[in-house]
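Containing mmCIF, C-alpha atoms and all ligand atoms: run-v3.cif.
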```
data_model
#
loop_
_atom_site.label_atom_id
_atom_site.label_comp_id
_atom_site.auth_asym_id
_atom_site.auth_seq_id
_atom_site.Cartn_x
_atom_site.Cartn_y
_atom_site.Cartn_z
CA MET A 1 120.12 136.98 116.86
CA ALA A 2 120.70 135.94 113.22
CA ALA A 3 117.87 133.99 111.56
CA LYS A 4 118.41 130.22 111.49
CA LYS A 5 119.40 128.96 108.04
CA ILE A 6 117.45 126.14 106.38
CA ILE A 7 118.50 124.54 103.08
CA VAL A 8 115.67 123.01 100.99
CA GLY A 9 116.44 120.75 98.02
CA GLY A 10 113.59 121.08 95.48
CA GLY A 11 112.14 123.96 97.52
CA THR A 12 110.75 125.57 94.34
CA GLY A 13 108.03 122.91 93.81
CA PHE A 14 104.48 122.42 95.06
CA VAL A 15 105.36 121.40 98.64
CA GLY A 16 108.56 123.48 98.72
CA THR A 17 106.86 126.77 97.86
CA HIS A 18 104.40 126.29 100.74
CA LEU A 19 107.22 125.24 103.07
CA ASN A 20 109.26 128.34 102.11
CA LYS A 21 106.24 130.48 102.98
CA ILE A 22 105.62 129.01 106.43
CA LEU A 23 109.32 128.92 107.37
CA ARG A 24 109.94 132.51 106.22
CA ALA A 25 106.88 133.61 108.20
CA ARG A 26 108.65 132.13 111.24
CA ASN A 27 111.75 134.15 110.47
CA TYR A 28 113.97 131.39 109.09
CA ASP A 29 116.48 132.19 106.36
CA VAL A 30 115.49 129.67 103.63
CA ILE A 31 117.83 128.83 100.74
CA ASN A 32 116.66 126.44 98.01
CA VAL A 33 118.90 124.04 96.11
CA SER A 34 117.61 124.19 92.55
CA ARG A 35 118.50 123.61 88.91
CA MET A 36 117.33 127.17 88.25
CA PRO A 37 119.18 130.33 89.32
CA ALA A 38 117.35 132.79 91.62
CA ALA A 39 118.20 135.17 94.45
CA LYS A 40 117.54 132.64 97.20
CA ASN A 41 118.77 129.55 95.28
CA ILE A 42 122.06 127.70 95.15
CA SER A 43 122.83 125.06 92.51
CA TRP A 44 123.46 121.34 93.05
CA THR A 45 126.93 121.86 91.51
CA SER A 46 127.84 124.53 94.04
CA LEU A 47 126.50 122.33 96.86
CA ASP A 48 128.79 119.51 95.63
CA SER A 49 131.84 121.75 95.32
CA ASP A 50 131.42 124.21 98.22
CA GLY A 51 129.33 122.18 100.64
CA LEU A 52 126.48 123.54 102.76
CA PRO A 53 126.31 127.29 103.40
CA SER A 54 127.94 128.12 106.75
CA ASN A 55 125.80 127.83 109.87
CA THR A 56 123.08 125.74 108.24
CA SER A 57 120.82 124.54 111.05
CA ALA A 58 118.47 122.25 109.08
CA VAL A 59 118.33 120.55 105.67
CA VAL A 60 115.18 119.33 103.90
CA ASN A 61 114.97 117.39 100.64
CA LEU A 62 111.88 117.66 98.41
CA ALA A 63 113.62 117.28 95.03
CA GLY A 64 112.41 114.75 92.50
CA GLN A 65 111.21 114.45 88.90
CA GLN A 66 107.40 114.38 88.92
CA PHE A 67 106.35 110.90 87.77
CA MET A 68 102.61 111.64 87.31
CA ASP A 69 103.51 113.91 84.40
CA PHE A 70 101.04 112.67 81.78
CA THR A 71 103.06 114.27 78.98
CA LYS A 72 106.03 111.98 79.70
CA MET A 73 106.07 108.36 78.48
CA TRP A 74 107.00 105.71 81.06
CA THR A 75 110.25 104.75 79.32
CA PRO A 76 113.36 103.20 80.94
CA GLY A 77 115.11 106.60 80.55
CA PHE A 78 112.28 108.47 82.29
CA LYS A 79 112.15 105.88 85.10
CA GLN A 80 115.90 106.33 85.61
CA ASN A 81 115.36 110.08 85.82
CA VAL A 82 112.59 109.59 88.41
CA LEU A 83 115.00 107.52 90.51
CA ASN A 84 118.21 109.52 89.99
CA SER A 85 116.56 112.88 90.72
CA ARG A 86 115.62 111.56 94.17
CA VAL A 87 118.58 109.34 95.06
CA PHE A 88 121.35 111.64 93.75
CA THR A 89 119.96 114.83 95.33
CA THR A 90 119.53 113.01 98.66
CA LYS A 91 123.11 111.67 98.41
CA SER A 92 124.45 115.16 97.62
CA LEU A 93 122.73 116.64 100.67
CA SER A 94 123.68 113.83 103.06
CA LYS A 95 127.30 113.96 101.85
CA ALA A 96 127.37 117.75 102.35
CA ILE A 97 126.00 117.24 105.88
CA ARG A 98 128.57 114.54 106.71
CA GLN A 99 131.42 116.76 105.44
CA CYS A 100 130.29 119.81 107.36
CA GLU A 101 132.43 120.97 110.26
CA LYS A 102 129.51 122.41 112.21
CA LYS A 103 126.78 119.90 111.41
CA PRO A 104 123.13 120.90 111.05
CA ASP A 105 120.73 119.70 113.76
CA VAL A 106 118.42 117.82 111.45
CA PHE A 107 117.97 116.36 107.95
CA VAL A 108 114.33 115.91 106.89
CA LEU A 109 113.66 113.82 103.79
CA VAL A 110 110.16 113.57 102.32
CA THR A 111 109.54 110.25 100.54
CA GLY A 112 106.24 108.40 100.02
CA VAL A 113 103.93 105.68 101.28
CA GLY A 114 104.94 103.69 98.19
CA ALA A 115 107.37 102.09 100.64
CA TYR A 116 104.48 99.82 101.70
CA GLU A 117 103.15 97.15 99.37
CA PRO A 118 99.68 98.05 98.02
CA SER A 119 97.05 95.87 99.71
CA GLU A 120 93.36 95.88 100.60
CA SER A 121 93.94 93.91 103.81
CA ASN A 122 97.34 94.84 105.32
CA LYS A 123 97.53 97.72 107.78
CA TYR A 124 100.77 99.69 108.01
CA ASP A 125 102.35 101.90 110.65
CA GLU A 126 105.94 103.14 110.78
CA SER A 127 107.20 99.80 112.15
CA SER A 128 105.90 97.86 109.12
CA PRO A 129 108.55 96.55 106.75
CA SER A 130 108.91 98.07 103.30
CA THR A 131 108.82 95.30 100.73
CA GLY A 132 110.88 96.47 97.77
CA THR A 133 108.85 94.30 95.39
CA ASP A 134 107.61 96.87 92.84
CA PHE A 135 109.34 99.80 91.10
CA PHE A 136 108.17 102.39 93.65
CA SER A 137 109.02 100.43 96.79
CA ARG A 138 112.46 99.56 95.33
CA LEU A 139 112.95 103.27 94.57
CA LEU A 140 111.91 104.13 98.13
CA ARG A 141 114.53 101.79 99.57
CA GLU A 142 117.36 103.33 97.56
CA TRP A 143 116.08 106.85 98.20
CA GLU A 144 115.87 106.44 101.99
CA LYS A 145 119.21 104.60 102.11
CA ALA A 146 120.82 107.62 100.43
CA ALA A 147 119.91 109.78 103.45
CA GLU A 148 122.74 108.50 105.61
CA VAL A 149 123.87 111.03 108.22
CA ASP A 150 125.71 110.72 111.54
CA ALA A 151 125.00 112.09 114.99
CA PRO A 152 124.55 114.82 116.07
CA THR A 153 122.39 115.37 112.95
CA ARG A 154 118.94 113.81 113.46
CA LEU A 155 117.42 112.05 110.44
CA VAL A 156 113.65 112.33 109.94
CA ILE A 157 112.04 110.56 106.98
CA ILE A 158 108.44 111.59 106.29
CA ARG A 159 106.63 109.04 104.11
CA SER A 160 103.99 111.28 102.61
CA GLY A 161 100.58 110.29 101.31
CA VAL A 162 98.96 112.12 98.38
CA VAL A 163 99.29 115.82 99.15
CA ILE A 164 95.99 117.72 99.09
CA GLY A 165 96.64 121.34 98.06
CA ARG A 166 95.06 123.59 95.42
CA ASN A 167 98.28 124.53 93.60
CA GLY A 168 99.76 121.16 92.68
CA GLY A 169 99.69 117.38 92.73
CA MET A 170 96.46 115.39 92.48
CA ILE A 171 94.01 118.28 93.08
CA LYS A 172 95.55 120.44 90.34
CA ASN A 173 95.17 117.51 87.91
CA MET A 174 91.61 116.71 88.96
CA ILE A 175 89.93 120.04 89.57
CA LEU A 176 88.91 120.79 85.97
CA PRO A 177 87.29 117.41 85.17
CA PHE A 178 85.54 117.42 88.56
CA PHE A 179 84.43 121.04 88.11
CA PHE A 180 82.80 120.13 84.80
CA GLY A 181 81.06 117.14 86.38
CA LEU A 182 83.34 114.63 84.63
CA GLY A 183 84.92 113.22 87.80
CA GLY A 184 84.44 109.77 89.24
CA PRO A 185 86.07 107.00 91.22
CA ILE A 186 89.25 105.40 89.88
CA ALA A 187 89.15 101.65 89.14
CA SER A 188 87.03 99.89 91.81
CA GLY A 189 87.28 102.93 94.12
CA LYS A 190 87.91 100.46 96.96
CA GLN A 191 91.68 101.06 97.04
CA TYR A 192 92.89 103.06 100.04
CA LEU A 193 94.06 106.62 99.44
CA PRO A 194 96.60 107.73 102.05
CA TRP A 195 96.40 111.56 102.06
CA ILE A 196 97.61 114.65 103.89
CA HIS A 197 96.72 118.33 103.51
CA ILE A 198 99.71 120.45 102.36
CA GLU A 199 99.38 122.64 105.44
CA ASP A 200 99.84 119.59 107.69
CA LEU A 201 102.74 118.13 105.68
CA THR A 202 104.66 121.41 105.79
CA ARG A 203 103.81 121.87 109.49
CA MET A 204 105.06 118.32 110.10
CA ILE A 205 108.38 119.23 108.44
CA GLN A 206 108.57 122.36 110.61
CA TYR A 207 107.67 120.27 113.70
CA SER A 208 110.48 117.84 112.85
CA ILE A 209 112.94 120.71 112.53
CA GLU A 210 111.93 122.35 115.80
CA ASN A 211 111.51 119.34 118.09
CA GLU A 212 114.79 117.76 119.14
CA ASN A 213 113.16 114.49 120.16
CA VAL A 214 111.71 113.74 116.70
CA LYS A 215 113.67 111.24 114.62
CA GLY A 216 113.25 108.21 112.35
CA ILE A 217 110.35 107.33 110.07
CA LEU A 218 107.06 109.26 110.26
CA ASN A 219 104.04 108.37 108.16
CA GLY A 220 103.05 111.71 106.65
CA VAL A 221 99.37 110.88 106.37
CA ALA A 222 96.18 112.12 108.02
CA PRO A 223 94.82 109.86 110.80
CA GLN A 224 91.56 109.32 108.85
CA VAL A 225 91.94 106.36 106.48
CA ILE A 226 89.79 106.68 103.34
CA THR A 227 89.29 104.93 100.01
CA ASN A 228 89.46 106.48 96.56
CA ALA A 229 85.63 106.35 96.35
CA GLU A 230 85.33 108.26 99.64
CA PHE A 231 87.75 110.92 98.40
CA THR A 232 85.79 111.22 95.13
CA LYS A 233 82.53 111.73 97.01
CA SER A 234 84.03 114.31 99.32
CA PHE A 235 85.77 116.34 96.58
CA ALA A 236 82.67 116.32 94.36
CA LYS A 237 80.51 117.42 97.29
CA ALA A 238 82.91 120.27 98.11
CA LEU A 239 82.61 121.44 94.48
CA SER A 240 78.82 120.81 94.45
CA ARG A 241 79.19 118.58 91.39
CA PRO A 242 78.23 114.97 90.61
CA ALA A 243 81.12 112.50 90.25
CA ILE A 244 79.63 109.39 88.71
CA ILE A 245 81.84 108.73 85.68
CA PRO A 246 84.25 105.97 86.75
CA VAL A 247 87.78 105.84 85.35
CA PRO A 248 88.37 102.19 84.38
CA GLU A 249 91.63 100.57 85.44
CA PHE A 250 92.46 99.31 81.93
CA SER A 251 92.31 102.84 80.46
CA LEU A 252 94.81 104.13 83.03
CA ASN A 253 97.04 101.11 82.41
CA LEU A 254 96.98 101.94 78.69
CA LEU A 255 97.51 105.65 79.17
CA LEU A 256 100.15 105.63 81.90
CA ASN A 257 101.62 102.11 81.81
CA GLU A 258 100.48 99.60 84.44
CA GLU A 259 103.60 100.09 86.58
CA ARG A 260 102.94 103.81 87.00
CA ALA A 261 99.12 103.57 87.00
CA MET A 262 99.29 101.46 90.17
CA MET A 263 99.88 104.70 92.10
CA LEU A 264 96.23 105.49 91.28
CA THR A 265 94.63 102.09 90.96
CA LYS A 266 96.11 100.54 94.12
CA GLY A 267 96.58 101.81 97.65
CA GLN A 268 97.66 101.14 101.21
CA TYR A 269 96.03 101.44 104.65
CA VAL A 270 98.59 103.63 106.43
CA VAL A 271 98.35 105.16 109.90
CA PRO A 272 100.57 107.90 111.42
CA LYS A 273 101.17 106.05 114.72
CA ARG A 274 104.49 107.71 115.62
CA VAL A 275 103.30 111.16 114.49
CA LEU A 276 100.41 110.96 116.95
CA GLU A 277 102.68 109.58 119.70
CA TYR A 278 104.90 112.66 119.30
CA GLY A 279 101.80 114.79 119.91
CA PHE A 280 101.63 116.44 116.48
CA LYS A 281 98.25 118.17 116.02
CA TYR A 282 96.66 118.06 112.58
CA LYS A 283 94.82 121.07 111.20
CA TYR A 284 93.00 118.86 108.64
CA ASP A 285 92.27 115.43 110.11
CA ASN A 286 89.12 115.00 108.06
CA ILE A 287 88.92 114.68 104.25
CA ASN A 288 85.73 116.80 104.00
CA ASP A 289 87.49 119.79 105.61
CA ALA A 290 90.60 119.26 103.46
CA CYS A 291 88.52 119.09 100.26
CA LYS A 292 86.52 122.19 101.21
CA GLU A 293 89.75 124.14 101.60
CA VAL A 294 90.96 123.27 98.06
CA ALA A 295 87.64 123.25 96.17
CA HIS A 296 87.93 126.57 94.36
CA LEU A 297 88.59 126.84 90.65
CA PHE A 298 91.08 129.71 90.80
CA PRO A 299 94.13 129.42 93.06
CA LYS A 300 94.00 132.01 95.85
CA GLU A 301 97.56 133.29 95.26
N1 LIG B 401 102.83 115.94 95.76
C1 LIG B 401 102.50 114.78 96.30
O1 LIG B 401 101.30 114.39 96.33
C2 LIG B 401 103.56 113.90 96.92
C3 LIG B 401 103.16 112.73 97.59
C4 LIG B 401 104.13 111.91 98.17
C5 LIG B 401 105.48 112.26 98.07
N2 LIG B 401 105.84 113.39 97.41
C6 LIG B 401 107.27 113.71 97.29
O2 LIG B 401 107.52 114.97 97.88
C7 LIG B 401 108.54 115.65 97.15
C8 LIG B 401 108.02 117.03 96.78
O3 LIG B 401 106.84 116.88 96.02
P1 LIG B 401 106.24 118.09 95.13
O4 LIG B 401 104.86 117.71 94.81
O5 LIG B 401 106.54 119.40 95.78
O6 LIG B 401 107.13 117.96 93.81
P2 LIG B 401 107.33 119.03 92.63
O7 LIG B 401 106.34 120.13 92.68
O8 LIG B 401 107.43 118.25 91.37
O9 LIG B 401 108.73 119.69 92.99
C9 LIG B 401 109.89 118.97 93.14
C10 LIG B 401 111.10 119.82 92.86
O10 LIG B 401 112.13 118.90 92.48
C11 LIG B 401 113.01 119.50 91.56
N3 LIG B 401 113.25 118.58 90.46
C12 LIG B 401 112.37 118.13 89.51
N4 LIG B 401 112.98 117.32 88.65
C13 LIG B 401 114.28 117.23 89.05
C14 LIG B 401 115.42 116.57 88.55
N5 LIG B 401 115.32 115.80 87.45
N6 LIG B 401 116.58 116.70 89.22
C15 LIG B 401 116.68 117.49 90.33
N7 LIG B 401 115.64 118.16 90.84
C16 LIG B 401 114.46 118.03 90.20
C17 LIG B 401 112.35 120.77 91.03
O11 LIG B 401 113.11 121.89 91.48
P3 LIG B 401 113.99 122.82 90.46
O12 LIG B 401 113.23 122.91 89.19
O13 LIG B 401 114.05 124.12 91.21
O14 LIG B 401 115.31 122.15 90.33
C18 LIG B 401 110.96 120.77 91.67
O15 LIG B 401 110.57 122.04 92.09
C19 LIG B 401 108.87 114.77 95.93
O16 LIG B 401 110.04 114.04 96.18
C20 LIG B 401 107.68 113.84 95.84
O17 LIG B 401 108.03 112.58 95.28
C21 LIG B 401 104.92 114.24 96.85
#
```

Transcribe the structure of this file into structure tokens.
Ligand SMILES: NC(=O)c1ccc[n+]([C@@H]2O[C@H](COP(=O)([O-])OP(=O)(O)OC[C@H]3O[C@@H](n4cnc5c(N)ncnc54)[C@H](OP(=O)(O)O)[C@@H]3O)[C@@H](O)[C@H]2O)c1
Amino acid sequence: MAAKKIIVGGGTGFVGTHLNKILRARNYDVINVSRMPAAKNISWTSLDSDGLPSNTSAVVNLAGQQFMDFTKMWTPGFKQNVLNSRVFTTKSLSKAIRQCEKKPDVFVLVTGVGAYEPSESNKYDESSPSTGTDFFSRLLREWEKAAEVDAPTRLVIIRSGVVIGRNGGMIKNMILPFFFGLGGPIASGKQYLPWIHIEDLTRMIQYSIENENVKGILNGVAPQVITNAEFTKSFAKALSRPAIIPVPEFSLNLLLNEERAMMLTKGQYVVPKRVLEYGFKYKYDNINDACKEVAHLFPKE
């Protein structure tokens, strides 16, 4: 039997590279939609003109301009790019799905927990309303709205927490300062830090593809709720380093702009209620185990 075809928007990035690896190991034929040409890539322009490759069984979108890029100023133009790169790619994929004669079984979109208003007292599961009050929650609304598909294609939206993996995201940014003993809690350290290990996020995407009953919003977070201070302690311990130099909120506001810095200085208490109800089993449900897995200076591959 021919391998099932999966199309991954932004499949060349941090999460996408790992997803490609686990899907290919399971014998799927993975094609990335990318701005860069490569043997297993198609372009966004060809997706718009030619539609989805024939016999596509699943579509995933991971595309988006990285907003925690410290080399980029938080200008109106950059903010627009952060939004457009998510909303337009999601619209292109959902339109291609809608126009397909033989529709794929599932469309999985990975967004973020920024859908929920940062708070030290509210507790959120997948039934909690998204507020749309700050830049990120407004972006989330538009982004998720762009993922409109009809039956028989199932729509799964995974609202991911901070992804813990050695090769990208927060850990890649933090490993050097922590390794040299210059790490510490951010702001008060009391803000919640919704997190998920990259292995679990990519397995959750695979689970969503393979289980016909899975649909709707899933909180892509580990069941263990932690604060930034707890993460700091755990990561420093895994590296056998002290982490006592706090990063003051005002310095991040100055460096990154307050609107963007809130992704670090504020947080949400988020639980994966529906994920657990579906019976998904986490490989890393504990931050100490997740930190141990990524606490090595040189990437393993
Ligand atoms: N990493 C995290 O901690 C985290 C947490 C929550 C949510 N998420 C979300 O999960 C998704 C994947 O995250 P990631 O960490 O894997 O991101 P990433 O490493 O930055 O990769 C995203 C991919 O998006 C594509 N891309 C970048 N800028 C683009 C643009 N302007 N227009 C079109 N495509 C663009 C790139 O692919 P090409 O260069 O091949 O075009 C890139 O490989 C993102 O939407 C992110 O917001 C990530």

Test item: residues at most 10 Å from Phe136 of chain A, all atoms listed in the file, excluding those fewer than 3 positions along its chain, as a list in words
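Once the nearby chain positions are removed, what remains is Val82, Leu83, Gly112, Val113, Gly114, Ala115, Tyr116, Glu117, Gly132, Thr133, Leu139, Leu140, Arg141, Glu259, Arg260, Met262 and Met263 of chain A.
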
May I have a table of the residues of chain A lying at most 6 Å from ligand LIG 401 (chain B), giving each one's closest pair of atoms and their distance in Å to one decimal, counting all atoms listed in the file, ordered by chain and ascending residue number, as JSON lines?
```
{"residue": "A:Gly10", "atom": "CA", "partner": "B:LIG401", "partner_atom": "C10", "distance": 3.8}
{"residue": "A:Gly11", "atom": "CA", "partner": "B:LIG401", "partner_atom": "O15", "distance": 6.0}
{"residue": "A:Thr12", "atom": "CA", "partner": "B:LIG401", "partner_atom": "O15", "distance": 4.2}
{"residue": "A:Gly13", "atom": "CA", "partner": "B:LIG401", "partner_atom": "O15", "distance": 3.2}
{"residue": "A:Phe14", "atom": "CA", "partner": "B:LIG401", "partner_atom": "O5", "distance": 3.7}
{"residue": "A:Val15", "atom": "CA", "partner": "B:LIG401", "partner_atom": "O5", "distance": 3.7}
{"residue": "A:Gly16", "atom": "CA", "partner": "B:LIG401", "partner_atom": "O5", "distance": 5.4}
{"residue": "A:Ser34", "atom": "CA", "partner": "B:LIG401", "partner_atom": "O14", "distance": 3.8}
{"residue": "A:Arg35", "atom": "CA", "partner": "B:LIG401", "partner_atom": "O14", "distance": 3.8}
{"residue": "A:Met36", "atom": "CA", "partner": "B:LIG401", "partner_atom": "O13", "distance": 5.4}
{"residue": "A:Leu62", "atom": "CA", "partner": "B:LIG401", "partner_atom": "C7", "distance": 4.1}
{"residue": "A:Ala63", "atom": "CA", "partner": "B:LIG401", "partner_atom": "O10", "distance": 3.4}
{"residue": "A:Gly64", "atom": "CA", "partner": "B:LIG401", "partner_atom": "O10", "distance": 4.2}
{"residue": "A:Gln65", "atom": "CA", "partner": "B:LIG401", "partner_atom": "N4", "distance": 3.4}
{"residue": "A:Gln66", "atom": "CA", "partner": "B:LIG401", "partner_atom": "O8", "distance": 4.6}
{"residue": "A:Asn81", "atom": "CA", "partner": "B:LIG401", "partner_atom": "N5", "distance": 5.9}
{"residue": "A:Ser85", "atom": "CA", "partner": "B:LIG401", "partner_atom": "N6", "distance": 4.1}
{"residue": "A:Val110", "atom": "CA", "partner": "B:LIG401", "partner_atom": "O2", "distance": 5.4}
{"residue": "A:Thr111", "atom": "CA", "partner": "B:LIG401", "partner_atom": "C5", "distance": 5.2}
{"residue": "A:Gly112", "atom": "CA", "partner": "B:LIG401", "partner_atom": "C5", "distance": 4.4}
{"residue": "A:Ser160", "atom": "CA", "partner": "B:LIG401", "partner_atom": "C4", "distance": 4.5}
{"residue": "A:Gly161", "atom": "CA", "partner": "B:LIG401", "partner_atom": "C4", "distance": 5.0}
{"residue": "A:Val162", "atom": "CA", "partner": "B:LIG401", "partner_atom": "O1", "distance": 3.9}
{"residue": "A:Val163", "atom": "CA", "partner": "B:LIG401", "partner_atom": "O1", "distance": 3.7}
{"residue": "A:Gly169", "atom": "CA", "partner": "B:LIG401", "partner_atom": "N1", "distance": 4.6}
```

Computed interatomic separation between atom CA of Asn257 of chain A and atom CA of Gln191 of chain A (Å):
18.2 Å

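Proximity to Glu101 of chain A was assessed for A:Val60, A:Asn55, A:Lys145, A:Ala3 counting all atoms listed in the file; the smallest distance is recorded for A:Asn55.
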
My list of candidates is A:Phe88, A:Ser130, A:Pro118, A:Val106. Which is closest to Trp143 of chain A when distances are computed with only C-alpha atoms?
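Comparing A:Phe88, A:Ser130, A:Pro118, A:Val106 against Trp143 of chain A, the winner is A:Phe88.
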
Tell me which of A:Val214, A:Thr71, A:Leu52, A:Phe78 sits closest to Cys100 of chain A, counting only C-alpha atoms.
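That would be A:Leu52, the residue with the smallest distance to Cys100 of chain A.
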
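Remark: for Arg166 of chain A, the closest of the candidate residues A:Ala38, A:Leu252, A:Leu23, A:Ala295 is A:Ala295 (distances computed over only C-alpha atoms).
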
Starting from the block above, write segment 164-190 of chain A out to a file with N, CA and C atoms, as a PDB file, in the first residue's frame, please.
```pdb
ATOM      1  N   ILE A 164       9.627  22.594  24.971  1.00  0.00           N
ATOM      2  CA  ILE A 164      10.920  22.261  25.569  1.00  0.00           C
ATOM      3  C   ILE A 164      11.635  21.258  24.661  1.00  0.00           C
ATOM      4  N   GLY A 165      12.660  21.719  23.975  1.00  0.00           N
ATOM      5  CA  GLY A 165      13.453  20.856  23.092  1.00  0.00           C
ATOM      6  C   GLY A 165      14.831  21.487  22.959  1.00  0.00           C
ATOM      7  N   ARG A 166      15.874  20.691  22.780  1.00  0.00           N
ATOM      8  CA  ARG A 166      17.240  21.218  22.790  1.00  0.00           C
ATOM      9  C   ARG A 166      17.539  22.112  21.580  1.00  0.00           C
ATOM     10  N   ASN A 167      16.874  21.818  20.432  1.00  0.00           N
ATOM     11  CA  ASN A 167      17.318  22.465  19.189  1.00  0.00           C
ATOM     12  C   ASN A 167      16.607  23.766  18.820  1.00  0.00           C
ATOM     13  N   GLY A 168      15.750  24.276  19.677  1.00  0.00           N
ATOM     14  CA  GLY A 168      15.053  25.509  19.284  1.00  0.00           C
ATOM     15  C   GLY A 168      14.303  26.127  20.443  1.00  0.00           C
ATOM     16  N   GLY A 169      13.586  27.209  20.137  1.00  0.00           N
ATOM     17  CA  GLY A 169      12.717  27.852  21.121  1.00  0.00           C
ATOM     18  C   GLY A 169      13.453  28.325  22.358  1.00  0.00           C
ATOM     19  N   MET A 170      12.760  28.257  23.505  1.00  0.00           N
ATOM     20  CA  MET A 170      13.255  28.836  24.752  1.00  0.00           C
ATOM     21  C   MET A 170      14.579  28.205  25.215  1.00  0.00           C
ATOM     22  N   ILE A 171      14.689  26.880  25.119  1.00  0.00           N
ATOM     23  CA  ILE A 171      15.900  26.203  25.632  1.00  0.00           C
ATOM     24  C   ILE A 171      17.129  26.638  24.832  1.00  0.00           C
ATOM     25  N   LYS A 172      16.980  26.738  23.524  1.00  0.00           N
ATOM     26  CA  LYS A 172      18.127  27.145  22.690  1.00  0.00           C
ATOM     27  C   LYS A 172      18.596  28.554  23.101  1.00  0.00           C
ATOM     28  N   ASN A 173      17.625  29.430  23.416  1.00  0.00           N
ATOM     29  CA  ASN A 173      17.988  30.796  23.829  1.00  0.00           C
ATOM     30  C   ASN A 173      18.620  30.834  25.208  1.00  0.00           C
ATOM     31  N   MET A 174      18.224  29.887  26.079  1.00  0.00           N
ATOM     32  CA  MET A 174      18.624  29.993  27.481  1.00  0.00           C
ATOM     33  C   MET A 174      19.822  29.149  27.854  1.00  0.00           C
ATOM     34  N   ILE A 175      20.172  28.171  27.021  1.00  0.00           N
ATOM     35  CA  ILE A 175      21.156  27.188  27.499  1.00  0.00           C
ATOM     36  C   ILE A 175      22.525  27.804  27.787  1.00  0.00           C
ATOM     37  N   LEU A 176      22.969  28.742  26.967  1.00  0.00           N
ATOM     38  CA  LEU A 176      24.312  29.309  27.209  1.00  0.00           C
ATOM     39  C   LEU A 176      24.373  30.108  28.506  1.00  0.00           C
ATOM     40  N   PRO A 177      23.463  31.122  28.706  1.00  0.00           N
ATOM     41  CA  PRO A 177      23.524  31.822  29.987  1.00  0.00           C
ATOM     42  C   PRO A 177      23.382  30.896  31.196  1.00  0.00           C
ATOM     43  N   PHE A 178      22.505  29.906  31.115  1.00  0.00           N
ATOM     44  CA  PHE A 178      22.339  28.981  32.246  1.00  0.00           C
ATOM     45  C   PHE A 178      23.603  28.141  32.426  1.00  0.00           C
ATOM     46  N   PHE A 179      24.215  27.722  31.320  1.00  0.00           N
ATOM     47  CA  PHE A 179      25.410  26.878  31.401  1.00  0.00           C
ATOM     48  C   PHE A 179      26.541  27.639  32.098  1.00  0.00           C
ATOM     49  N   PHE A 180      26.613  28.956  31.844  1.00  0.00           N
ATOM     50  CA  PHE A 180      27.674  29.743  32.472  1.00  0.00           C
ATOM     51  C   PHE A 180      27.251  30.307  33.833  1.00  0.00           C
ATOM     52  N   GLY A 181      26.157  29.796  34.366  1.00  0.00           N
ATOM     53  CA  GLY A 181      25.726  30.181  35.711  1.00  0.00           C
ATOM     54  C   GLY A 181      25.106  31.568  35.756  1.00  0.00           C
ATOM     55  N   LEU A 182      24.659  32.067  34.587  1.00  0.00           N
ATOM     56  CA  LEU A 182      24.098  33.423  34.542  1.00  0.00           C
ATOM     57  C   LEU A 182      22.565  33.404  34.457  1.00  0.00           C
ATOM     58  N   GLY A 183      21.972  32.225  34.654  1.00  0.00           N
ATOM     59  CA  GLY A 183      20.512  32.127  34.567  1.00  0.00           C
ATOM     60  C   GLY A 183      19.831  32.579  35.849  1.00  0.00           C
ATOM     61  N   GLY A 184      18.527  32.786  35.736  1.00  0.00           N
ATOM     62  CA  GLY A 184      17.749  33.145  36.921  1.00  0.00           C
ATOM     63  C   GLY A 184      16.291  33.317  36.552  1.00  0.00           C
ATOM     64  N   PRO A 185      15.443  33.467  37.554  1.00  0.00           N
ATOM     65  CA  PRO A 185      14.017  33.624  37.266  1.00  0.00           C
ATOM     66  C   PRO A 185      13.734  34.927  36.505  1.00  0.00           C
ATOM     67  N   ILE A 186      12.662  34.912  35.737  1.00  0.00           N
ATOM     68  CA  ILE A 186      12.257  36.100  34.992  1.00  0.00           C
ATOM     69  C   ILE A 186      11.194  36.849  35.796  1.00  0.00           C
ATOM     70  N   ALA A 187      11.355  38.166  35.898  1.00  0.00           N
ATOM     71  CA  ALA A 187      10.434  39.028  36.657  1.00  0.00           C
ATOM     72  C   ALA A 187      10.246  38.443  38.065  1.00  0.00           C
ATOM     73  N   SER A 188       8.982  38.309  38.543  1.00  0.00           N
ATOM     74  CA  SER A 188       8.788  37.799  39.905  1.00  0.00           C
ATOM     75  C   SER A 188       9.023  36.290  39.972  1.00  0.00           C
ATOM     76  N   GLY A 189       9.004  35.624  38.828  1.00  0.00           N
ATOM     77  CA  GLY A 189       9.140  34.157  38.788  1.00  0.00           C
ATOM     78  C   GLY A 189       7.834  33.458  39.158  1.00  0.00           C
ATOM     79  N   LYS A 190       6.836  34.255  39.596  1.00  0.00           N
ATOM     80  CA  LYS A 190       5.573  33.642  40.051  1.00  0.00           C
ATOM     81  C   LYS A 190       4.623  33.350  38.883  1.00  0.00           C
TER      82      LYS A 190
END
```
